[in-house]
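Quick look at entry.cif (mmCIF, C-alpha atoms):
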```cif
data_upload
loop_
_atom_site.group_PDB
_atom_site.id
_atom_site.type_symbol
_atom_site.label_atom_id
_atom_site.label_comp_id
_atom_site.auth_asym_id
_atom_site.auth_seq_id
_atom_site.Cartn_x
_atom_site.Cartn_y
_atom_site.Cartn_z
ATOM 1 C CA MET A 3 -35.153 -256.348 -129.943
ATOM 2 C CA TYR A 4 -38.879 -255.588 -130.069
ATOM 3 C CA VAL A 5 -39.759 -257.295 -126.788
ATOM 4 C CA PRO A 6 -38.848 -255.301 -123.649
ATOM 5 C CA MET A 7 -36.578 -257.071 -121.175
ATOM 6 C CA PRO A 8 -37.800 -256.776 -117.558
ATOM 7 C CA ALA A 9 -35.600 -254.579 -115.376
ATOM 8 C CA GLU A 10 -36.213 -254.115 -111.654
ATOM 9 C CA VAL A 11 -35.727 -250.640 -110.207
ATOM 10 C CA ILE A 12 -33.123 -250.831 -107.417
ATOM 11 C CA SER A 13 -32.741 -247.104 -106.705
ATOM 12 C CA VAL A 14 -34.123 -243.729 -107.732
ATOM 13 C CA VAL A 15 -31.687 -240.830 -107.282
ATOM 14 C CA THR A 16 -32.838 -237.210 -107.295
ATOM 15 C CA GLU A 17 -30.042 -235.431 -109.134
ATOM 16 C CA THR A 18 -31.634 -231.960 -109.473
ATOM 17 C CA PRO A 19 -35.146 -230.533 -109.036
ATOM 18 C CA THR A 20 -35.984 -231.645 -112.611
ATOM 19 C CA ILE A 21 -33.706 -234.676 -113.153
ATOM 20 C CA LYS A 22 -33.684 -238.163 -111.638
ATOM 21 C CA THR A 23 -31.550 -241.231 -112.296
ATOM 22 C CA ILE A 24 -33.357 -244.557 -112.311
ATOM 23 C CA VAL A 25 -31.028 -247.480 -111.621
ATOM 24 C CA MET A 26 -32.230 -250.925 -112.686
ATOM 25 C CA ARG A 27 -31.155 -254.539 -112.484
ATOM 26 C CA PRO A 28 -32.002 -256.135 -115.865
ATOM 27 C CA GLU A 29 -33.230 -259.705 -116.067
ATOM 28 C CA LYS A 30 -29.951 -260.494 -117.828
ATOM 29 C CA PRO A 31 -26.853 -258.343 -118.442
ATOM 30 C CA TYR A 32 -27.641 -255.413 -120.727
ATOM 31 C CA GLU A 33 -24.607 -255.094 -122.987
ATOM 32 C CA PHE A 34 -24.168 -251.669 -124.605
ATOM 33 C CA ARG A 35 -21.496 -249.336 -125.920
ATOM 34 C CA ALA A 36 -21.108 -245.847 -124.509
ATOM 35 C CA GLY A 37 -23.284 -243.609 -126.666
ATOM 36 C CA GLN A 38 -25.860 -246.202 -127.655
ATOM 37 C CA PHE A 39 -29.454 -245.663 -126.533
ATOM 38 C CA ALA A 40 -32.178 -247.811 -125.029
ATOM 39 C CA GLN A 41 -35.944 -247.722 -125.220
ATOM 40 C CA LEU A 42 -37.288 -247.555 -121.665
ATOM 41 C CA THR A 43 -40.818 -248.877 -121.211
ATOM 42 C CA TYR A 44 -43.078 -247.847 -118.352
ATOM 43 C CA PRO A 45 -45.900 -250.414 -118.490
ATOM 44 C CA GLY A 46 -49.275 -248.789 -118.986
ATOM 45 C CA MET A 47 -47.719 -245.392 -119.672
ATOM 46 C CA GLY A 48 -45.478 -245.617 -122.714
ATOM 47 C CA GLU A 49 -41.935 -245.855 -124.011
ATOM 48 C CA ALA A 50 -39.186 -243.301 -124.607
ATOM 49 C CA PRO A 51 -35.540 -243.369 -125.775
ATOM 50 C CA PHE A 52 -32.689 -242.637 -123.357
ATOM 51 C CA THR A 53 -28.923 -243.030 -123.487
ATOM 52 C CA PRO A 54 -27.714 -244.987 -120.448
ATOM 53 C CA SER A 55 -25.731 -242.844 -118.027
ATOM 54 C CA SER A 56 -24.102 -245.774 -116.232
ATOM 55 C CA SER A 57 -20.876 -247.578 -117.054
ATOM 56 C CA PRO A 58 -20.995 -250.018 -119.985
ATOM 57 C CA LEU A 59 -18.517 -252.100 -117.972
ATOM 58 C CA GLU A 60 -21.305 -252.955 -115.497
ATOM 59 C CA PRO A 61 -24.042 -254.463 -117.709
ATOM 60 C CA GLU A 62 -25.791 -256.061 -114.744
ATOM 61 C CA ARG A 63 -26.721 -252.584 -113.483
ATOM 62 C CA ILE A 64 -28.029 -249.873 -115.796
ATOM 63 C CA GLY A 65 -28.760 -246.258 -114.918
ATOM 64 C CA ILE A 66 -30.886 -243.902 -116.996
ATOM 65 C CA THR A 67 -30.986 -240.194 -116.183
ATOM 66 C CA VAL A 68 -34.355 -238.620 -116.928
ATOM 67 C CA LEU A 69 -35.235 -234.949 -117.364
ATOM 68 C CA ARG A 70 -38.862 -234.131 -116.637
ATOM 69 C CA THR A 71 -40.185 -233.041 -120.050
ATOM 70 C CA GLY A 72 -43.528 -234.693 -120.794
ATOM 71 C CA LYS A 73 -46.024 -237.486 -120.184
ATOM 72 C CA VAL A 74 -43.676 -240.455 -119.880
ATOM 73 C CA THR A 75 -40.889 -238.596 -118.092
ATOM 74 C CA ASP A 76 -43.380 -237.004 -115.681
ATOM 75 C CA ALA A 77 -44.669 -240.483 -114.826
ATOM 76 C CA LEU A 78 -41.119 -241.784 -114.347
ATOM 77 C CA HIS A 79 -40.456 -238.898 -111.946
ATOM 78 C CA ASP A 80 -43.706 -239.065 -110.016
ATOM 79 C CA ALA A 81 -44.550 -242.744 -109.758
ATOM 80 C CA VAL A 82 -41.553 -245.045 -110.250
ATOM 81 C CA LYS A 83 -40.183 -246.524 -107.036
ATOM 82 C CA VAL A 84 -37.769 -249.221 -105.899
ATOM 83 C CA GLY A 85 -39.124 -252.669 -106.708
ATOM 84 C CA ASP A 86 -41.049 -251.591 -109.805
ATOM 85 C CA VAL A 87 -40.334 -253.461 -113.030
ATOM 86 C CA LEU A 88 -39.734 -251.441 -116.195
ATOM 87 C CA GLY A 89 -38.813 -252.649 -119.666
ATOM 88 C CA LEU A 90 -35.618 -252.208 -121.683
ATOM 89 C CA ARG A 91 -35.212 -252.638 -125.434
ATOM 90 C CA GLY A 92 -32.080 -252.309 -127.489
ATOM 91 C CA PRO A 93 -29.420 -251.142 -127.401
ATOM 92 C CA PHE A 94 -29.695 -249.107 -130.598
ATOM 93 C CA GLY A 95 -27.235 -246.950 -132.495
ATOM 94 C CA LYS A 96 -23.507 -247.365 -133.056
ATOM 95 C CA GLY A 97 -22.145 -245.788 -129.885
ATOM 96 C CA TYR A 98 -19.044 -243.644 -129.564
ATOM 97 C CA PRO A 99 -15.919 -244.669 -131.539
ATOM 98 C CA THR A 100 -13.804 -245.321 -128.468
ATOM 99 C CA GLU A 101 -11.438 -247.496 -130.492
ATOM 100 C CA LYS A 102 -10.161 -244.291 -132.121
ATOM 101 C CA LEU A 103 -9.112 -242.677 -128.834
ATOM 102 C CA ARG A 104 -5.762 -244.404 -128.320
ATOM 103 C CA GLY A 105 -2.999 -241.809 -128.063
ATOM 104 C CA LYS A 106 -5.493 -238.919 -128.228
ATOM 105 C CA ASP A 107 -6.581 -236.063 -126.029
ATOM 106 C CA VAL A 108 -10.300 -236.467 -125.292
ATOM 107 C CA LEU A 109 -12.595 -233.476 -124.801
ATOM 108 C CA VAL A 110 -16.043 -234.051 -123.284
ATOM 109 C CA LEU A 111 -18.345 -231.016 -123.472
ATOM 110 C CA GLY A 112 -21.767 -231.203 -121.825
ATOM 111 C CA GLY A 113 -24.517 -228.692 -121.170
ATOM 112 C CA GLY A 114 -27.308 -229.279 -118.631
ATOM 113 C CA VAL A 115 -28.760 -232.773 -118.874
ATOM 114 C CA GLY A 116 -26.468 -233.261 -121.881
ATOM 115 C CA LEU A 117 -23.860 -234.579 -119.442
ATOM 116 C CA ALA A 118 -26.030 -237.663 -118.833
ATOM 117 C CA PRO A 119 -25.418 -239.420 -122.187
ATOM 118 C CA LEU A 120 -21.718 -238.534 -121.884
ATOM 119 C CA ARG A 121 -21.334 -240.047 -118.422
ATOM 120 C CA ALA A 122 -21.119 -243.628 -119.746
ATOM 121 C CA LEU A 123 -18.117 -242.556 -121.843
ATOM 122 C CA ILE A 124 -16.513 -240.750 -118.896
ATOM 123 C CA LEU A 125 -16.904 -243.801 -116.648
ATOM 124 C CA LYS A 126 -15.490 -246.132 -119.306
ATOM 125 C CA LEU A 127 -12.440 -243.917 -119.821
ATOM 126 C CA LEU A 128 -11.878 -243.460 -116.087
ATOM 127 C CA ALA A 129 -11.768 -247.239 -115.695
ATOM 128 C CA ASP A 130 -8.679 -247.363 -117.949
ATOM 129 C CA LEU A 131 -6.959 -244.078 -118.787
ATOM 130 C CA ASP A 132 -3.766 -245.674 -120.105
ATOM 131 C CA PRO A 133 -4.732 -245.673 -123.816
ATOM 132 C CA ILE A 134 -5.459 -241.909 -123.942
ATOM 133 C CA ASN A 135 -3.238 -238.886 -123.369
ATOM 134 C CA ARG A 136 -5.710 -236.957 -121.224
ATOM 135 C CA LEU A 137 -9.390 -236.402 -120.517
ATOM 136 C CA SER A 138 -10.712 -232.846 -120.327
ATOM 137 C CA ILE A 139 -14.325 -232.441 -119.150
ATOM 138 C CA LYS A 140 -16.149 -229.129 -119.648
ATOM 139 C CA TYR A 141 -19.600 -228.848 -118.121
ATOM 140 C CA GLY A 142 -22.147 -226.109 -117.632
ATOM 141 C CA ALA A 143 -25.711 -225.683 -116.379
ATOM 142 C CA ARG A 144 -28.156 -222.848 -115.872
ATOM 143 C CA CYS A 145 -27.636 -222.702 -112.103
ATOM 144 C CA VAL A 146 -25.966 -224.607 -109.266
ATOM 145 C CA GLU A 147 -29.129 -226.574 -108.537
ATOM 146 C CA GLU A 148 -29.152 -227.965 -112.099
ATOM 147 C CA LEU A 149 -25.572 -229.288 -112.049
ATOM 148 C CA LEU A 150 -25.638 -233.054 -112.556
ATOM 149 C CA TYR A 151 -23.505 -235.557 -110.606
ATOM 150 C CA ARG A 152 -21.900 -232.915 -108.387
ATOM 151 C CA ASP A 153 -21.059 -235.516 -105.749
ATOM 152 C CA GLN A 154 -18.924 -237.395 -108.286
ATOM 153 C CA PHE A 155 -16.735 -234.569 -109.569
ATOM 154 C CA ASP A 156 -13.953 -235.144 -107.038
ATOM 155 C CA SER A 157 -13.687 -238.840 -107.895
ATOM 156 C CA TRP A 158 -13.531 -238.029 -111.606
ATOM 157 C CA THR A 159 -10.494 -235.780 -111.167
ATOM 158 C CA ARG A 160 -8.341 -237.925 -108.886
ATOM 159 C CA HIS A 161 -6.101 -238.945 -111.781
ATOM 160 C CA ASP A 162 -3.580 -236.442 -113.116
ATOM 161 C CA LYS A 163 -4.714 -237.209 -116.677
ATOM 162 C CA VAL A 164 -8.168 -235.789 -115.953
ATOM 163 C CA ASP A 165 -9.316 -232.209 -115.517
ATOM 164 C CA LEU A 166 -12.820 -230.825 -115.032
ATOM 165 C CA ALA A 167 -14.045 -227.257 -115.509
ATOM 166 C CA VAL A 168 -17.582 -226.314 -114.464
ATOM 167 C CA THR A 169 -19.620 -223.165 -115.079
ATOM 168 C CA ILE A 170 -23.125 -221.838 -114.459
ATOM 169 C CA ASP A 171 -24.815 -219.363 -116.762
ATOM 170 C CA ASN A 172 -25.047 -216.432 -114.339
ATOM 171 C CA PRO A 173 -23.544 -215.411 -110.979
ATOM 172 C CA GLN A 174 -25.308 -216.962 -107.992
ATOM 173 C CA GLN A 175 -24.985 -216.438 -104.265
ATOM 174 C CA GLY A 176 -22.543 -218.913 -102.769
ATOM 175 C CA TRP A 177 -21.051 -219.909 -106.146
ATOM 176 C CA THR A 178 -17.343 -219.131 -106.447
ATOM 177 C CA GLY A 179 -16.680 -220.965 -109.707
ATOM 178 C CA ARG A 180 -16.853 -219.905 -113.338
ATOM 179 C CA THR A 181 -19.877 -218.160 -114.836
ATOM 180 C CA GLY A 182 -21.076 -218.001 -118.441
ATOM 181 C CA VAL A 183 -22.431 -220.559 -120.877
ATOM 182 C CA VAL A 184 -20.495 -223.785 -121.244
ATOM 183 C CA THR A 185 -18.791 -222.734 -124.483
ATOM 184 C CA THR A 186 -16.889 -220.046 -122.551
ATOM 185 C CA LEU A 187 -14.836 -222.912 -121.104
ATOM 186 C CA LEU A 188 -13.387 -223.483 -124.567
ATOM 187 C CA LYS A 189 -11.431 -220.230 -124.465
ATOM 188 C CA GLY A 190 -7.747 -220.960 -124.050
ATOM 189 C CA MET A 191 -8.214 -224.618 -124.895
ATOM 190 C CA ASP A 192 -6.072 -226.941 -122.801
ATOM 191 C CA VAL A 193 -6.046 -229.857 -125.245
ATOM 192 C CA ASP A 194 -3.935 -230.589 -128.297
ATOM 193 C CA ARG A 195 -6.284 -229.493 -131.078
ATOM 194 C CA ASP A 196 -4.330 -231.445 -133.665
ATOM 195 C CA ASN A 197 -4.601 -234.675 -131.678
ATOM 196 C CA CYS A 198 -7.989 -234.452 -130.010
ATOM 197 C CA LEU A 199 -11.422 -236.032 -130.365
ATOM 198 C CA ALA A 200 -14.442 -234.212 -128.874
ATOM 199 C CA PHE A 201 -17.755 -235.583 -127.601
ATOM 200 C CA VAL A 202 -20.479 -232.964 -127.239
ATOM 201 C CA CYS A 203 -24.072 -233.044 -125.986
ATOM 202 C CA GLY A 204 -26.453 -230.333 -124.809
ATOM 203 C CA PRO A 205 -27.421 -228.031 -123.402
ATOM 204 C CA GLY A 206 -30.806 -229.287 -122.321
#
```

Can you present the structure in this file as structure tokens?
Amino acid sequence: MYVPMPAEVISVVTETPTIKTIVMRPEKPYEFRAGQFAQLTYPGMGEAPFTPSSSPLEPERIGITVLRTGKVTDALHDAVKVGDVLGLRGPFGKGYPTEKLRGKDVLVLGGGVGLAPLRALILKLLADLDPINRLSIKYGARCVEELLYRDQFDSWTRHDKVDLAVTIDNPQQGWTGRTGVVTTLLKGMDVDRDNCLAFVCGPG
């Protein structure tokens, strides 16, 4: 676990002005549980921990969503390109207790880049919704431009077991959705509080 596994960059997606997703093809399948984290190595620059934002059901392809916050993340934003080889260590941590979700309502609450480490869980649940009662996703960001994965929202809500509510902190021209911090979406909860497990991350 102390030797980074080579992982070739196959795409770099600009999600927002400050967030990019780096998608890699590891040298061998990178098995992880939703909620575990990896150490991502940028040779010559350093290493930093990130929770994969891709599906754990696709270990041959791993995505890591990176917020620009410092030396290593700035380098990942400014210099990494398709064909580069980064390093992956791990996974570390226990991951989310998805085995406890059978027969439950599931609430996923994310703020800002906090949706990134929750996305692996969302994708895993969307792949097989039968074991759970419903999936309720609440997400908020500072402004429209900082909303992550906007192009995926429609695909997430195609199943009648899934609902998604999105808010931005303050009114903005052209935005017709909810406004206020993400916790305002918890008013009038639409899940069974006595039979619900919640996964929360953010804001960031």

Would you kindly translate the PyMOL selection byres ((chain A and resi 122) around 7) into the concrete residues it picks from this file, as number ranges by chain?
A: 36, 54-58, 119-121, 123-126

Kindly provide the residues of region 125-163 of chain A that approach region 176-200 of chain A to within 7 Å, each paired with its closest atom pair and their distance in Å to one decimal, based on all atoms listed in the file, listed by chain and increasing number, as CSV.
```
residue,atom,partner,partner_atom,distance
A:Lys140,CA,A:Leu187,CA,6.5
A:Tyr141,CA,A:Val184,CA,6.0
A:Gly142,CA,A:Val184,CA,4.6
```

What separates CA of Ile24 (chain A) and CA of Arg91 (chain A) is a distance of 15.5 Å

(message) Taking 6 positions as the minimum chain separation for residues in the same chain, which residues sit within 8 Å of region 64-78 of chain A when counting all atoms listed in the file? Answer as a PyMOL selection string.
(response) chain A and resi 20-28+32+44+47-50+52-57+115+118

Rank nothing, just name the residue among A:Leu59, A:Leu166, A:Leu137, A:Met7 nearest to Pro93 (chain A), using all atoms listed in the file.
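Closest to Pro93 (chain A), using all atoms listed in the file: A:Met7.
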
Excluding region 16-18 of chain A and its own-chain neighbours fewer than 4 positions away, which residues fall within 8 Å of it when counting all atoms listed in the file? Please give them as a PyMOL selection string.
chain A and resi 22-23+147-151

Report the closest atom pair, with its distance in Å rounded to one decimal, for each residue of region 154-182 of chain A that has an atom no farther than 10 Å from region 127-134 of chain A; count all atoms listed in the file, sort by chain and then rising residue number, and write it as a Markdown table.
```
| residue | atom | partner | partner_atom | distance |
| --- | --- | --- | --- | --- |
| A:Ser157 | CA | A:Leu128 | CA | 9.6 |
| A:Trp158 | CA | A:Leu128 | CA | 7.2 |
| A:Thr159 | CA | A:Leu128 | CA | 9.2 |
| A:Arg160 | CA | A:Leu128 | CA | 9.7 |
| A:His161 | CA | A:Leu128 | CA | 8.5 |
| A:Lys163 | CA | A:Leu131 | CA | 7.5 |
| A:Val164 | CA | A:Leu128 | CA | 8.5 |
```
